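Participant: What follows is the file upload-v3.txt, containing compact mmCIF, C-alpha atoms and all ligand atoms:
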# COMPACT_ATOMS: atom_id res chain seq x y z
CA MET G 256 122.30 83.08 138.31
CA SER G 257 126.00 82.86 137.41
CA LYS G 258 128.02 86.05 137.48
CA LYS G 259 129.38 86.65 133.98
CA ILE G 260 132.98 87.88 133.88
CA VAL G 261 135.06 88.44 130.78
CA LEU G 262 138.30 86.46 130.75
CA ILE G 263 141.19 87.52 128.51
CA PRO G 264 143.95 84.90 128.57
CA GLY G 265 146.53 87.25 126.97
CA ASP G 266 149.98 86.42 125.61
CA GLY G 267 153.17 84.72 126.82
CA ILE G 268 152.58 83.29 130.31
CA GLY G 269 149.00 84.66 130.17
CA PRO G 270 147.19 81.41 129.23
CA GLU G 271 149.10 79.41 131.87
CA ILE G 272 148.38 81.80 134.73
CA THR G 273 144.75 82.48 133.74
CA ASP G 274 144.14 78.73 133.58
CA ALA G 275 145.65 78.33 137.07
CA THR G 276 143.57 81.25 138.39
CA LYS G 277 140.32 79.89 136.95
CA LYS G 278 140.91 76.55 138.72
CA VAL G 279 141.58 78.25 142.05
CA VAL G 280 138.48 80.47 141.77
CA LYS G 281 136.35 77.47 140.79
CA ALA G 282 137.48 75.58 143.91
CA THR G 283 135.78 78.21 146.09
CA GLY G 284 132.41 77.16 144.68
CA ILE G 285 131.52 80.71 143.65
CA ASP G 286 129.25 80.71 140.62
CA ILE G 287 131.10 82.47 137.80
CA GLU G 288 130.62 82.06 134.07
CA TRP G 289 133.81 83.08 132.27
CA VAL G 290 133.08 84.77 128.95
CA GLU G 291 136.33 84.28 127.06
CA HIS G 292 137.54 86.91 124.60
CA HIS G 293 140.97 87.62 123.19
CA ALA G 294 143.33 90.57 123.05
CA GLY G 295 146.96 90.97 122.06
CA LEU G 296 148.87 88.61 119.79
CA GLN G 297 146.41 85.90 120.82
CA ALA G 298 143.58 87.87 119.18
CA ILE G 299 145.48 87.96 115.88
CA ALA G 300 146.29 84.25 116.20
CA ASN G 301 142.56 83.64 116.60
CA GLY G 302 141.78 85.43 113.36
CA ALA G 303 141.06 88.99 114.54
CA GLU G 304 142.36 91.90 112.48
CA GLU G 305 143.24 94.01 115.48
CA VAL G 306 145.04 93.33 118.76
CA LEU G 307 142.10 94.78 120.63
CA PRO G 308 139.01 93.53 118.79
CA LYS G 309 135.78 95.47 119.12
CA GLU G 310 133.96 92.35 120.34
CA THR G 311 136.36 92.12 123.29
CA LEU G 312 135.76 95.76 124.22
CA ASP G 313 131.99 95.33 123.76
CA ALA G 314 131.96 92.26 125.99
CA ILE G 315 133.79 94.10 128.77
CA SER G 316 131.41 97.07 128.46
CA GLU G 317 128.45 94.71 128.64
CA HIS G 318 129.58 92.58 131.59
CA LYS G 319 131.45 95.44 133.37
CA ILE G 320 134.16 93.22 134.84
CA ALA G 321 137.12 91.43 133.29
CA LEU G 322 140.08 89.38 134.46
CA LYS G 323 142.97 89.84 132.07
CA GLY G 324 146.25 88.07 131.43
CA PRO G 325 149.21 90.19 130.24
CA CYS G 326 149.48 91.23 126.59
CA THR G 327 152.73 91.65 124.66
CA THR G 328 153.62 94.99 123.08
CA PRO G 329 156.52 95.11 120.62
CA ILE G 330 159.36 97.51 121.47
CA GLY G 331 160.20 100.42 119.16
CA GLU G 332 157.84 99.51 116.32
CA GLY G 333 154.61 97.65 115.52
CA PHE G 334 151.19 98.08 117.08
CA SER G 335 150.50 100.38 120.02
CA SER G 336 149.99 98.83 123.45
CA VAL G 337 146.81 96.78 123.89
CA ASN G 338 146.88 97.66 127.57
CA VAL G 339 147.04 101.40 126.99
CA GLN G 340 144.30 101.17 124.33
CA LEU G 341 142.09 99.13 126.64
CA ARG G 342 142.49 101.51 129.57
CA LYS G 343 141.79 104.55 127.40
CA SER G 344 138.87 103.05 125.45
CA LEU G 345 137.07 102.04 128.64
CA ASP G 346 138.25 105.09 130.59
CA LEU G 347 139.77 102.92 133.32
CA TYR G 348 141.48 105.90 134.87
CA ALA G 349 142.60 104.48 138.21
CA ALA G 350 145.21 101.72 138.36
CA VAL G 351 145.31 100.34 141.88
CA ARG G 352 148.19 98.16 143.02
CA PRO G 353 148.48 96.99 146.63
CA VAL G 354 152.06 96.12 147.55
CA ARG G 355 152.41 94.11 150.76
CA ASN G 356 154.78 91.66 152.38
CA LEU G 357 153.47 88.13 152.24
CA GLU G 358 153.88 85.43 154.84
CA GLY G 359 156.79 83.16 153.99
CA ILE G 360 158.48 85.54 151.55
CA LYS G 361 161.51 87.02 153.25
CA THR G 362 162.57 90.38 151.88
CA ARG G 363 164.77 93.23 153.10
CA PHE G 364 161.85 95.03 154.77
CA ASP G 365 158.93 93.86 156.90
CA ASP G 366 155.66 95.76 157.17
CA VAL G 367 155.56 97.12 153.62
CA ASN G 368 151.94 98.06 153.02
CA ILE G 369 151.65 100.54 150.17
CA VAL G 370 148.81 101.09 147.72
CA ILE G 371 149.87 102.63 144.44
CA VAL G 372 147.21 104.69 142.68
CA ARG G 373 148.36 105.40 139.13
CA GLU G 374 146.62 107.74 136.69
CA ASN G 375 145.99 105.42 133.79
CA THR G 376 144.88 107.49 130.79
CA GLU G 377 147.09 110.58 130.38
CA GLY G 378 150.71 111.72 130.77
CA LEU G 379 153.36 110.46 128.38
CA TYR G 380 151.04 107.61 127.38
CA SER G 381 149.12 110.05 125.17
CA GLY G 382 150.56 108.19 122.17
CA VAL G 383 151.35 111.52 120.52
CA GLU G 384 154.87 111.04 119.16
CA ASN G 385 156.23 112.80 116.09
CA THR G 386 159.30 113.21 114.01
CA VAL G 387 159.73 116.98 114.04
CA SER G 388 162.55 116.96 111.48
CA PRO G 389 165.04 114.26 110.49
CA GLY G 390 166.87 113.22 113.65
CA VAL G 391 164.52 115.15 115.95
CA VAL G 392 161.64 113.32 117.59
CA MET G 393 159.13 114.40 120.17
CA SER G 394 156.71 112.78 122.62
CA MET G 395 153.89 114.74 124.17
CA LYS G 396 152.93 114.62 127.83
CA VAL G 397 149.26 115.45 128.34
CA ALA G 398 147.61 116.41 131.62
CA THR G 399 144.08 117.73 131.97
CA GLU G 400 142.47 119.41 134.95
CA LYS G 401 139.69 116.85 134.81
CA GLY G 402 142.12 113.90 134.69
CA CYS G 403 144.34 115.19 137.51
CA LYS G 404 141.38 116.05 139.72
CA ARG G 405 139.47 112.79 139.31
CA ILE G 406 142.50 110.58 140.07
CA ALA G 407 143.30 112.67 143.16
CA GLU G 408 139.67 112.36 144.27
CA TRP G 409 139.79 108.63 143.65
CA ALA G 410 142.99 108.26 145.72
CA PHE G 411 141.75 110.32 148.68
CA ASP G 412 138.35 108.68 148.63
CA TYR G 413 140.00 105.24 148.59
CA ALA G 414 142.36 106.25 151.43
CA GLN G 415 139.49 107.53 153.56
CA LYS G 416 137.27 104.49 152.99
CA ARG G 417 140.13 102.09 153.77
CA GLY G 418 141.24 103.96 156.90
CA ARG G 419 144.56 104.92 155.38
CA LYS G 420 146.32 107.92 156.83
CA LYS G 421 148.38 109.55 154.09
CA VAL G 422 148.54 110.15 150.34
CA THR G 423 151.98 110.95 148.90
CA VAL G 424 152.51 112.34 145.40
CA PHE G 425 155.77 111.78 143.49
CA HIS G 426 156.29 114.39 140.77
CA LYS G 427 158.87 116.28 138.75
CA ALA G 428 157.19 119.69 138.81
CA ASN G 429 160.55 121.37 139.24
CA ILE G 430 161.24 120.44 135.58
CA MET G 431 157.77 119.75 134.10
CA LYS G 432 156.31 122.81 135.71
CA VAL G 433 153.08 122.89 133.70
CA THR G 434 152.04 119.23 133.49
CA ASP G 435 153.34 117.91 136.82
CA GLY G 436 152.57 121.35 138.24
CA LEU G 437 148.91 120.77 137.40
CA PHE G 438 149.04 117.26 138.89
CA ILE G 439 150.28 118.48 142.28
CA ALA G 440 148.03 121.58 142.25
CA LYS G 441 144.93 119.39 141.82
CA SER G 442 146.19 116.85 144.37
CA LYS G 443 146.69 119.60 146.95
CA GLU G 444 143.30 121.13 146.17
CA VAL G 445 141.57 117.77 146.64
CA SER G 446 143.57 117.04 149.82
CA ASP G 447 142.08 120.14 151.48
CA LYS G 448 138.69 118.39 151.52
CA TYR G 449 140.02 115.43 153.53
CA ASP G 450 140.85 116.33 157.14
CA ASP G 451 141.52 112.73 158.12
CA VAL G 452 144.01 111.90 155.33
CA ALA G 453 147.38 113.67 155.34
CA TYR G 454 149.04 114.84 152.13
CA ASN G 455 152.70 115.17 151.23
CA GLU G 456 154.78 115.18 148.06
CA PHE G 457 158.33 114.44 146.94
CA ILE G 458 160.23 115.08 143.76
CA ILE G 459 160.26 111.60 142.28
CA ASP G 460 164.01 111.00 142.33
CA ALA G 461 164.21 111.72 146.07
CA GLY G 462 160.95 109.79 146.55
CA CYS G 463 162.47 106.67 144.98
CA MET G 464 165.49 106.90 147.26
CA LYS G 465 163.19 107.14 150.28
CA LEU G 466 161.18 104.17 148.99
CA VAL G 467 164.18 101.87 148.87
CA GLN G 468 165.61 103.20 152.16
CA ASP G 469 162.42 102.76 154.16
CA PRO G 470 159.21 101.86 152.32
CA THR G 471 157.27 101.63 155.58
CA GLN G 472 157.01 105.45 155.67
CA PHE G 473 154.59 105.34 152.69
CA ASP G 474 150.88 104.58 152.73
CA VAL G 475 149.03 105.52 149.50
CA LEU G 476 151.22 106.68 146.58
CA LEU G 477 149.50 108.85 143.97
CA LEU G 478 151.36 109.00 140.66
CA GLU G 479 150.87 110.12 137.08
CA ASN G 480 150.94 107.42 134.42
CA LEU G 481 154.63 106.83 133.65
CA TYR G 482 155.84 107.31 137.23
CA GLY G 483 153.14 104.89 138.37
CA ASP G 484 154.31 102.31 135.87
CA VAL G 485 157.95 102.50 136.92
CA VAL G 486 157.35 102.81 140.67
CA SER G 487 154.97 99.81 140.60
CA ASP G 488 157.80 97.52 139.51
CA LEU G 489 160.18 99.12 142.01
CA CYS G 490 157.67 98.45 144.79
CA ALA G 491 157.15 94.88 143.53
CA GLY G 492 160.88 94.39 144.09
CA LEU G 493 160.44 95.37 147.74
CA VAL G 494 158.04 92.51 148.50
CA GLY G 495 159.33 89.59 146.43
CA GLY G 496 159.03 90.62 142.79
CA LEU G 497 156.49 90.83 140.00
CA GLY G 498 155.01 87.45 140.82
CA VAL G 499 153.27 88.79 143.93
CA VAL G 500 151.76 92.18 143.03
CA PRO G 501 148.15 92.29 141.83
CA GLY G 502 146.29 95.16 140.23
CA ALA G 503 143.01 96.61 139.06
CA ASN G 504 142.17 99.17 136.38
CA ILE G 505 139.05 100.93 137.56
CA GLY G 506 136.66 103.35 135.86
CA ASN G 507 133.28 104.67 136.86
CA GLU G 508 131.42 101.79 135.20
CA VAL G 509 133.92 99.08 134.37
CA ALA G 510 136.88 97.37 136.05
CA VAL G 511 139.59 95.16 134.56
CA PHE G 512 141.75 93.15 136.96
CA GLU G 513 145.28 92.15 135.99
CA ALA G 514 148.69 91.56 137.54
CA VAL G 515 151.31 94.31 137.37
CA HIS G 516 153.73 92.08 135.45
CA GLY G 517 153.88 91.56 131.70
CA SER G 518 153.74 88.51 129.44
CA ALA G 519 157.24 87.31 130.49
CA PRO G 520 158.18 85.86 127.08
CA ASP G 521 161.45 84.55 128.57
CA ILE G 522 159.58 81.91 130.59
CA ALA G 523 156.38 81.47 128.55
CA GLY G 524 155.13 77.96 127.83
CA GLN G 525 157.35 76.33 130.49
CA ASN G 526 154.80 76.01 133.31
CA VAL G 527 157.14 77.90 135.66
CA ALA G 528 155.49 81.34 135.90
CA ASN G 529 154.11 82.44 139.24
CA PRO G 530 150.31 82.63 138.94
CA LEU G 531 149.99 84.31 142.34
CA ALA G 532 149.83 87.94 141.15
CA LEU G 533 146.90 87.09 138.89
CA ILE G 534 145.28 84.96 141.61
CA MET G 535 145.59 87.95 143.96
CA SER G 536 144.09 90.17 141.24
CA ALA G 537 141.16 87.74 141.13
CA VAL G 538 140.76 88.18 144.90
CA MET G 539 140.63 91.96 144.36
CA MET G 540 137.97 91.33 141.73
CA LEU G 541 135.88 89.14 144.06
CA ASN G 542 136.07 91.82 146.78
CA TYR G 543 135.12 94.51 144.26
CA ILE G 544 132.02 92.53 143.28
CA ALA G 545 131.18 91.92 146.94
CA ASP G 546 131.36 95.67 147.67
CA ASN G 547 129.71 97.00 144.52
CA GLU G 548 126.95 94.45 144.18
CA ASN G 549 126.41 93.74 147.85
CA LYS G 550 127.29 90.05 147.46
CA PRO G 551 129.16 88.92 150.60
CA GLU G 552 129.64 85.41 149.21
CA PHE G 553 132.18 86.84 146.79
CA ARG G 554 134.25 88.20 149.69
CA SER G 555 134.10 84.78 151.37
CA ALA G 556 135.40 83.21 148.17
CA GLY G 557 138.24 85.76 148.11
CA ASP G 558 139.06 85.01 151.76
CA LYS G 559 139.28 81.29 151.02
CA ILE G 560 141.81 81.97 148.27
CA LYS G 561 143.80 84.33 150.49
CA ASN G 562 143.99 81.74 153.28
CA ALA G 563 145.07 79.11 150.77
CA TYR G 564 147.98 81.09 149.33
CA ASN G 565 149.13 82.29 152.75
CA LYS G 566 149.15 78.66 153.92
CA ALA G 567 151.01 77.44 150.83
CA LEU G 568 153.67 80.15 151.13
CA SER G 569 154.13 79.50 154.83
CA LEU G 570 154.74 75.81 153.99
CA ASN G 571 157.39 76.96 151.49
CA ILE G 572 155.29 75.89 148.50
CA LYS G 573 156.45 78.48 145.98
CA THR G 574 157.27 78.93 142.35
CA ARG G 575 160.81 79.38 141.04
CA ASP G 576 160.81 83.20 141.14
CA LEU G 577 160.35 83.01 144.93
CA GLY G 578 163.08 80.40 145.37
CA GLY G 579 160.70 77.43 145.32
CA LYS G 580 160.30 74.40 143.06
CA SER G 581 156.56 74.35 142.30
CA SER G 582 155.37 74.65 138.73
CA THR G 583 152.54 77.02 137.81
CA SER G 584 150.02 74.19 137.76
CA ASP G 585 151.34 72.50 140.94
CA PHE G 586 151.09 75.75 142.87
CA ALA G 587 147.49 76.23 141.71
CA GLU G 588 146.71 72.59 142.54
CA GLU G 589 148.04 73.12 146.06
CA LEU G 590 145.66 76.06 146.56
CA VAL G 591 142.76 74.06 145.14
CA LYS G 592 143.50 71.22 147.61
CA HIS G 593 143.65 73.64 150.52
CA ILE G 594 140.39 75.35 149.55
CA SER G 595 138.60 72.03 149.02
CA HIS G 596 139.68 70.66 152.44
CA ASN G 597 138.75 73.76 154.47
P1 LIG M 601 157.57 91.26 132.41
O1 LIG M 601 156.84 91.69 133.60
O2 LIG M 601 156.83 90.42 131.44
O3 LIG M 601 158.90 90.44 132.85
C1 LIG M 601 159.95 91.01 133.61
C2 LIG M 601 160.71 89.89 134.33
O4 LIG M 601 159.92 89.36 135.38
C3 LIG M 601 161.03 88.71 133.41
O5 LIG M 601 162.27 88.18 133.78
C4 LIG M 601 159.94 87.71 133.72
O6 LIG M 601 160.29 86.37 133.50
C5 LIG M 601 159.65 88.00 135.19
N1 LIG M 601 158.24 87.73 135.51
C6 LIG M 601 157.19 88.51 135.18
N2 LIG M 601 156.06 87.96 135.62
C7 LIG M 601 156.40 86.82 136.23
C8 LIG M 601 155.65 85.79 136.87
N3 LIG M 601 154.33 85.85 136.98
N4 LIG M 601 156.33 84.73 137.37
C9 LIG M 601 157.65 84.64 137.28
N5 LIG M 601 158.42 85.59 136.68
C10 LIG M 601 157.79 86.66 136.16
O7 LIG M 601 158.14 92.58 131.74
P2 LIG M 601 158.83 92.82 130.33
O8 LIG M 601 159.79 91.73 130.02
O9 LIG M 601 159.30 94.21 130.42
O10 LIG M 601 157.65 92.81 129.26
C11 LIG M 601 157.29 91.66 128.49
C12 LIG M 601 156.07 92.01 127.66
O11 LIG M 601 154.95 92.24 128.53
C13 LIG M 601 156.23 93.29 126.83
O12 LIG M 601 155.66 93.03 125.56
C14 LIG M 601 155.42 94.33 127.58
O13 LIG M 601 154.91 95.33 126.75
C15 LIG M 601 154.31 93.46 128.16
N6 LIG M 601 153.70 94.03 129.38
C16 LIG M 601 152.34 93.86 129.51
C17 LIG M 601 151.71 94.29 130.63
C18 LIG M 601 150.24 94.05 130.72
O14 LIG M 601 149.67 93.33 129.92
N7 LIG M 601 149.56 94.64 131.69
C19 LIG M 601 152.42 94.96 131.72
C20 LIG M 601 153.85 95.03 131.52
C21 LIG M 601 154.46 94.58 130.38
Spit out the file's structure as structure tokens when you get a sec.
Facilitator:
Amino acid sequence: MSKKIVLIPGDGIGPEITDATKKVVKATGIDIEWVEHHAGLQAIANGAEEVLPKETLDAISEHKIALKGPCTTPIGEGFSSVNVQLRKSLDLYAAVRPVRNLEGIKTRFDDVNIVIVRENTEGLYSGVENTVSPGVVMSMKVATEKGCKRIAEWAFDYAQKRGRKKVTVFHKANIMKVTDGLFIAKSKEVSDKYDDVAYNEFIIDAGCMKLVQDPTQFDVLLLENLYGDVVSDLCAGLVGGLGVVPGANIGNEVAVFEAVHGSAPDIAGQNVANPLALIMSAVMMLNYIADNENKPEFRSAGDKIKNAYNKALSLNIKTRDLGGKSSTSDFAEELVKHISHN
């Protein structure tokens, strides 16, 4: 029986890169039925009244797994972020973003191999913002014991299962003594239960300096919501940019896979976006299914895709963001050809 997976094309470059990703996944022969639902501006364009329609949320809850293109959020005014709403509604509390050098993409550092674990439901993304009095506005940072503890447990558990040696927390508990104080207190408490995974922490400003000086000293980075958002893009810059960093939003029941990047309105509709970050997110999804549902054929499908993009990059077949000339669809076609011939 086909595996049903919800597909959200998203906004901007979303439809182009989801289309490319679907073709690459199909080439592996794995039996997936994409159940398409909309979110973001695309949902409104399709007649929905809200950017995150209930039917989309219901479909993800039913099928448990989704692959999502990026969704646009207006700056300063308008609706609140679809992505934040989605992560909170489905309690997808762990954002996981592996950042690695790829064959054929020359960057300042070799051997970058960091996994960012970002708390995805609390912090300054609480959405509680007020005008206190004219000219005085306020945004509330929320941290709960439960939220801090479960993300720390998730990070250490992940590190242990994957044979990783160290979890590092970036924080600003010297200034935000209560909220970030709670985050590091729970992280330390959890770390005591893991003899085989080391723990250390840096104040985030110094941590960022260390990251750009020598990223190879980091293994798993554990961060609250906003720091995780910012540091994810910083880390993407270390390995070739936003076009090459995949991600997953994981809860206890449901997982939504999406690239770290946004809807890139500056290049939307031009067939030039790099689909690789979403293709890599699809590989994470296939591996997740293989592990959680004991279906090794999904891992084999993921391996085929991985081999195909490594081969393409090593032959200098790249999109514009990586200094190449391939279009979105040509790059996907190249992977399809490689998968079909191997
Ligand atoms: P962005 O990630 O969309 O773009 C930043 C820069 O990177 C742009 O120059 C863009 O052209 C480039 N870029 C991004 N992805 C690329 C790709 N796959 N291939 C080639 N170049 C790529 O970030 P920005 O401009 O801050 O946000 C645009 C919109 O995306 C906003 O509405 C934002 O809220 C939304 N967004 C959505 C996310 C999601 O759905 N998970 C995540 C981040 C932003």
Participant: For a quick check of your reading of the model, name the residues lying within 12 Å of the coordinate (152.1, 73.0, 137.2), counting all atoms listed in the file, and write them as a list in words.
Facilitator: Glu271, Ile272, Asp274, Ala275, Thr276, Lys278, Gly524, Gln525, Asn526, Val527, Ala528, Asn529, Pro530, Lys573, Thr574, Arg575, Lys580, Ser581, Ser582, Thr583, Ser584, Asp585, Phe586, Ala587, Glu588, Glu589 and Leu590 of chain G
Participant: Go ahead and compute the interatomic distance for atom CA of G:Ser569 and atom C2 of ligand LIG 601 (chain M), in Å to one decimal.
Facilitator: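 Calculated distance between atom CA of G:Ser569 and atom C2 of ligand LIG 601 (chain M) is 23.9 Å.
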Participant: Can you list every residue of chain G that has an atom at most 10 Å from ligand LIG 601 (chain M), with its nearest atom pair and the distance in Å to one decimal, using all atoms listed in the file, ordered by chain then number, as JSON lines?
Facilitator:
{"residue": "G:Gly265", "atom": "CA", "partner": "M:LIG601", "partner_atom": "O14", "distance": 7.5}
{"residue": "G:Asp266", "atom": "CA", "partner": "M:LIG601", "partner_atom": "O14", "distance": 8.1}
{"residue": "G:Gly267", "atom": "CA", "partner": "M:LIG601", "partner_atom": "C12", "distance": 7.9}
{"residue": "G:Ile268", "atom": "CA", "partner": "M:LIG601", "partner_atom": "N3", "distance": 7.4}
{"residue": "G:Gly269", "atom": "CA", "partner": "M:LIG601", "partner_atom": "O14", "distance": 8.7}
{"residue": "G:Glu271", "atom": "CA", "partner": "M:LIG601", "partner_atom": "N3", "distance": 9.7}
{"residue": "G:Ile272", "atom": "CA", "partner": "M:LIG601", "partner_atom": "N3", "distance": 7.5}
{"residue": "G:Ala294", "atom": "CA", "partner": "M:LIG601", "partner_atom": "O14", "distance": 9.7}
{"residue": "G:Gly295", "atom": "CA", "partner": "M:LIG601", "partner_atom": "O14", "distance": 8.6}
{"residue": "G:Leu296", "atom": "CA", "partner": "M:LIG601", "partner_atom": "O12", "distance": 9.9}
{"residue": "G:Lys323", "atom": "CA", "partner": "M:LIG601", "partner_atom": "O14", "distance": 7.9}
{"residue": "G:Gly324", "atom": "CA", "partner": "M:LIG601", "partner_atom": "O14", "distance": 6.5}
{"residue": "G:Pro325", "atom": "CA", "partner": "M:LIG601", "partner_atom": "O14", "distance": 3.2}
{"residue": "G:Cys326", "atom": "CA", "partner": "M:LIG601", "partner_atom": "O14", "distance": 3.9}
{"residue": "G:Thr327", "atom": "CA", "partner": "M:LIG601", "partner_atom": "O12", "distance": 3.4}
{"residue": "G:Thr328", "atom": "CA", "partner": "M:LIG601", "partner_atom": "O12", "distance": 3.8}
{"residue": "G:Pro329", "atom": "CA", "partner": "M:LIG601", "partner_atom": "O12", "distance": 5.4}
{"residue": "G:Ile330", "atom": "CA", "partner": "M:LIG601", "partner_atom": "O12", "distance": 7.1}
{"residue": "G:Ser335", "atom": "CA", "partner": "M:LIG601", "partner_atom": "O13", "distance": 9.5}
{"residue": "G:Ser336", "atom": "CA", "partner": "M:LIG601", "partner_atom": "O13", "distance": 6.9}
{"residue": "G:Val337", "atom": "CA", "partner": "M:LIG601", "partner_atom": "O14", "distance": 7.5}
{"residue": "G:Asn338", "atom": "CA", "partner": "M:LIG601", "partner_atom": "O14", "distance": 5.7}
{"residue": "G:Val339", "atom": "CA", "partner": "M:LIG601", "partner_atom": "N7", "distance": 8.6}
{"residue": "G:Asp484", "atom": "CA", "partner": "M:LIG601", "partner_atom": "C20", "distance": 8.5}
{"residue": "G:Asp488", "atom": "CA", "partner": "M:LIG601", "partner_atom": "O1", "distance": 8.4}
{"residue": "G:Gly496", "atom": "CA", "partner": "M:LIG601", "partner_atom": "O4", "distance": 7.6}
{"residue": "G:Leu497", "atom": "CA", "partner": "M:LIG601", "partner_atom": "N2", "distance": 5.3}
{"residue": "G:Gly498", "atom": "CA", "partner": "M:LIG601", "partner_atom": "N3", "distance": 4.2}
{"residue": "G:Val499", "atom": "CA", "partner": "M:LIG601", "partner_atom": "N3", "distance": 7.6}
{"residue": "G:Val500", "atom": "CA", "partner": "M:LIG601", "partner_atom": "N3", "distance": 9.1}
{"residue": "G:Gly502", "atom": "CA", "partner": "M:LIG601", "partner_atom": "N7", "distance": 9.2}
{"residue": "G:Asn504", "atom": "CA", "partner": "M:LIG601", "partner_atom": "N7", "distance": 9.9}
{"residue": "G:Phe512", "atom": "CA", "partner": "M:LIG601", "partner_atom": "N7", "distance": 9.5}
{"residue": "G:Glu513", "atom": "CA", "partner": "M:LIG601", "partner_atom": "N7", "distance": 6.6}
{"residue": "G:Ala514", "atom": "CA", "partner": "M:LIG601", "partner_atom": "N7", "distance": 6.7}
{"residue": "G:Val515", "atom": "CA", "partner": "M:LIG601", "partner_atom": "C19", "distance": 5.8}
{"residue": "G:His516", "atom": "CA", "partner": "M:LIG601", "partner_atom": "O1", "distance": 3.6}
{"residue": "G:Gly517", "atom": "CA", "partner": "M:LIG601", "partner_atom": "O2", "distance": 3.2}
{"residue": "G:Ser518", "atom": "CA", "partner": "M:LIG601", "partner_atom": "O11", "distance": 4.0}
{"residue": "G:Ala519", "atom": "CA", "partner": "M:LIG601", "partner_atom": "O2", "distance": 3.3}
{"residue": "G:Pro520", "atom": "CA", "partner": "M:LIG601", "partner_atom": "C11", "distance": 6.0}
{"residue": "G:Asp521", "atom": "CA", "partner": "M:LIG601", "partner_atom": "O6", "distance": 5.4}
{"residue": "G:Ile522", "atom": "CA", "partner": "M:LIG601", "partner_atom": "O6", "distance": 5.4}
{"residue": "G:Ala523", "atom": "CA", "partner": "M:LIG601", "partner_atom": "O6", "distance": 8.0}
{"residue": "G:Asn526", "atom": "CA", "partner": "M:LIG601", "partner_atom": "N4", "distance": 9.7}
{"residue": "G:Val527", "atom": "CA", "partner": "M:LIG601", "partner_atom": "C9", "distance": 7.0}
{"residue": "G:Ala528", "atom": "CA", "partner": "M:LIG601", "partner_atom": "N4", "distance": 3.8}
{"residue": "G:Asn529", "atom": "CA", "partner": "M:LIG601", "partner_atom": "N4", "distance": 3.7}
{"residue": "G:Pro530", "atom": "CA", "partner": "M:LIG601", "partner_atom": "N3", "distance": 5.5}
{"residue": "G:Leu531", "atom": "CA", "partner": "M:LIG601", "partner_atom": "N3", "distance": 7.1}
{"residue": "G:Ala532", "atom": "CA", "partner": "M:LIG601", "partner_atom": "N3", "distance": 6.5}
{"residue": "G:Leu533", "atom": "CA", "partner": "M:LIG601", "partner_atom": "N3", "distance": 7.8}
{"residue": "G:Thr574", "atom": "CA", "partner": "M:LIG601", "partner_atom": "C9", "distance": 7.6}
{"residue": "G:Arg575", "atom": "CA", "partner": "M:LIG601", "partner_atom": "C9", "distance": 7.2}
{"residue": "G:Asp576", "atom": "CA", "partner": "M:LIG601", "partner_atom": "C9", "distance": 5.2}
{"residue": "G:Leu577", "atom": "CA", "partner": "M:LIG601", "partner_atom": "C9", "distance": 8.3}
{"residue": "G:Thr583", "atom": "CA", "partner": "M:LIG601", "partner_atom": "N4", "distance": 8.6}
Participant: Based on the selection just made, write C-alpha atoms of those residues as a tab-separated table (two decimals), keeping the file's coordinate frame.
Facilitator:
chain	number	residue	atom	x	y	z
G	265	GLY	CA	146.53	87.25	126.97
G	266	ASP	CA	149.98	86.42	125.61
G	267	GLY	CA	153.17	84.72	126.82
G	268	ILE	CA	152.58	83.29	130.31
G	269	GLY	CA	149.00	84.66	130.17
G	271	GLU	CA	149.10	79.41	131.87
G	272	ILE	CA	148.38	81.80	134.73
G	294	ALA	CA	143.33	90.57	123.05
G	295	GLY	CA	146.96	90.97	122.06
G	296	LEU	CA	148.87	88.61	119.79
G	323	LYS	CA	142.97	89.84	132.07
G	324	GLY	CA	146.25	88.07	131.43
G	325	PRO	CA	149.21	90.19	130.24
G	326	CYS	CA	149.48	91.23	126.59
G	327	THR	CA	152.73	91.65	124.66
G	328	THR	CA	153.62	94.99	123.08
G	329	PRO	CA	156.52	95.11	120.62
G	330	ILE	CA	159.36	97.51	121.47
G	335	SER	CA	150.50	100.38	120.02
G	336	SER	CA	149.99	98.83	123.45
G	337	VAL	CA	146.81	96.78	123.89
G	338	ASN	CA	146.88	97.66	127.57
G	339	VAL	CA	147.04	101.40	126.99
G	484	ASP	CA	154.31	102.31	135.87
G	488	ASP	CA	157.80	97.52	139.51
G	496	GLY	CA	159.03	90.62	142.79
G	497	LEU	CA	156.49	90.83	140.00
G	498	GLY	CA	155.01	87.45	140.82
G	499	VAL	CA	153.27	88.79	143.93
G	500	VAL	CA	151.76	92.18	143.03
G	502	GLY	CA	146.29	95.16	140.23
G	504	ASN	CA	142.17	99.17	136.38
G	512	PHE	CA	141.75	93.15	136.96
G	513	GLU	CA	145.28	92.15	135.99
G	514	ALA	CA	148.69	91.56	137.54
G	515	VAL	CA	151.31	94.31	137.37
G	516	HIS	CA	153.73	92.08	135.45
G	517	GLY	CA	153.88	91.56	131.70
G	518	SER	CA	153.74	88.51	129.44
G	519	ALA	CA	157.24	87.31	130.49
G	520	PRO	CA	158.18	85.86	127.08
G	521	ASP	CA	161.45	84.55	128.57
G	522	ILE	CA	159.58	81.91	130.59
G	523	ALA	CA	156.38	81.47	128.55
G	526	ASN	CA	154.80	76.01	133.31
G	527	VAL	CA	157.14	77.90	135.66
G	528	ALA	CA	155.49	81.34	135.90
G	529	ASN	CA	154.11	82.44	139.24
G	530	PRO	CA	150.31	82.63	138.94
G	531	LEU	CA	149.99	84.31	142.34
G	532	ALA	CA	149.83	87.94	141.15
G	533	LEU	CA	146.90	87.09	138.89
G	574	THR	CA	157.27	78.93	142.35
G	575	ARG	CA	160.81	79.38	141.04
G	576	ASP	CA	160.81	83.20	141.14
G	577	LEU	CA	160.35	83.01	144.93
G	583	THR	CA	152.54	77.02	137.81
